[in-house]
Amino acid sequence: ALGAAANALQATLAHPTLGFWADSSYASASLASLLRHEPNLEAIAVRLRRMLSLSPTPRPLRSNEAMRRLRHWLRSLKMDAPEAPPVAEMQSWSILTPVYKETVLYSMADLEEESNDGRSFIEVLRGLHRDEWANFAQRLGESPSALSVARCASEPRLALQLRLWASMRGQTLARTVYGMMYYESALAFLVAVEAGSAGGGPAPPLPAASQTAAASALAQRKVGYVCACQVYGDYKRAGDPRAVDIEALMHAFPSLRVAYVERRGGGGEGGGEEEEE
């Protein structure tokens, strides 16, 4: 399987329109060497060979964002990077995101708000991300043309999914949190891969970030994420929907921490004692 995958990679890289790098011989030799010396990649190589041999006709990705990320990852394979230590031996780090009154999640009212041209915000997003909207509707088991704000508003599960989909494509705190928490997922993935290597056998084909509690616990010790939302206490006291949205993020990511200032005594933004939480 490794030899077949290496041959398929070499043929792809040498193709005049499919080659990812200008120096295809260097790239193919490096990948072939990697496949020979890394037994953990055997299962992945089998899947890679299947993908490369599905059809001789190139099929470009429809999503520009997916293509951008794929190209960035492929270019990174050319880097002569030093060997990384095991996750257990790496240095830990923390991430801090300051938050004041930014949007956490778009509300249903935000999605229905019309601009000067009479188009709602969700209609604008659907026009900008047609393929992603079709994929989103497919995941929900709905027709892209029939899926609407009114349809989602009638069912809480659909409403939350729609709000998340829109928030991931705007300047929201939710998008930042989801992006930063990928660090934890990636580290847990590496822990699972390293566990398979230490056992002497190949790692699982695609180990999940939550495969074991030990992997998640180690990842949480290595990376910490704190949102410094100083007015979160005011949100809670006033019953602001943004407090509920922040709590939803904390439920989605149990290791997420929120730092805020709890005002006691006078109340309001202008008075009272302040105590950090």
# chains A, B, ... in the order shown; residues from 1 in each chain; ligands from 1
$ residues_around --residues "A:Lys222" --least-positions-apart "5" --cutoff "7 Å" --atoms "only C-alpha atoms" --output "list of chain:residue names"
A:Gln91, A:Ser92, A:Trp93
$ select_by_dssp --residues "stretch 88-268 of chain A" --states "strand (DSSP E)" --output "list in words"
Trp93, Ser94, Ile95, Leu96, Thr97, Pro98, Val99, Val223, Gly224, Tyr225, Val226, Cys227, Ala228, Cys229, Arg257, Val258, Ala259, Val261, Glu262, Arg263 and Arg264 of chain A
$ closest_atom_pairs --of "stretch 134-167 of chain A" --to "stretch 99-105 of chain A" --cutoff "9 Å" --atoms "only C-alpha atoms" --output "JSON lines"
{"residue": "A:Arg163", "atom": "CA", "partner": "A:Leu105", "partner_atom": "CA", "distance": 6.6}
{"residue": "A:Leu164", "atom": "CA", "partner": "A:Leu105", "partner_atom": "CA", "distance": 6.9}
{"residue": "A:Ala166", "atom": "CA", "partner": "A:Leu105", "partner_atom": "CA", "distance": 8.4}
{"residue": "A:Ser167", "atom": "CA", "partner": "A:Leu105", "partner_atom": "CA", "distance": 5.7}
$ atom_distance --atom1 "atom CA of A:Leu96" --atom2 "atom CA of A:Tyr225"
6.1 Å
$ closest_residue --among "A:Leu158, A:Val226, A:Val261, A:Ala214" --to "A:Phe136" --atoms "only C-alpha atoms"
A:Leu158
$ atom_distance --atom1 "atom CA of A:Asp131" --atom2 "atom CA of A:Pro60"
13.4 Å
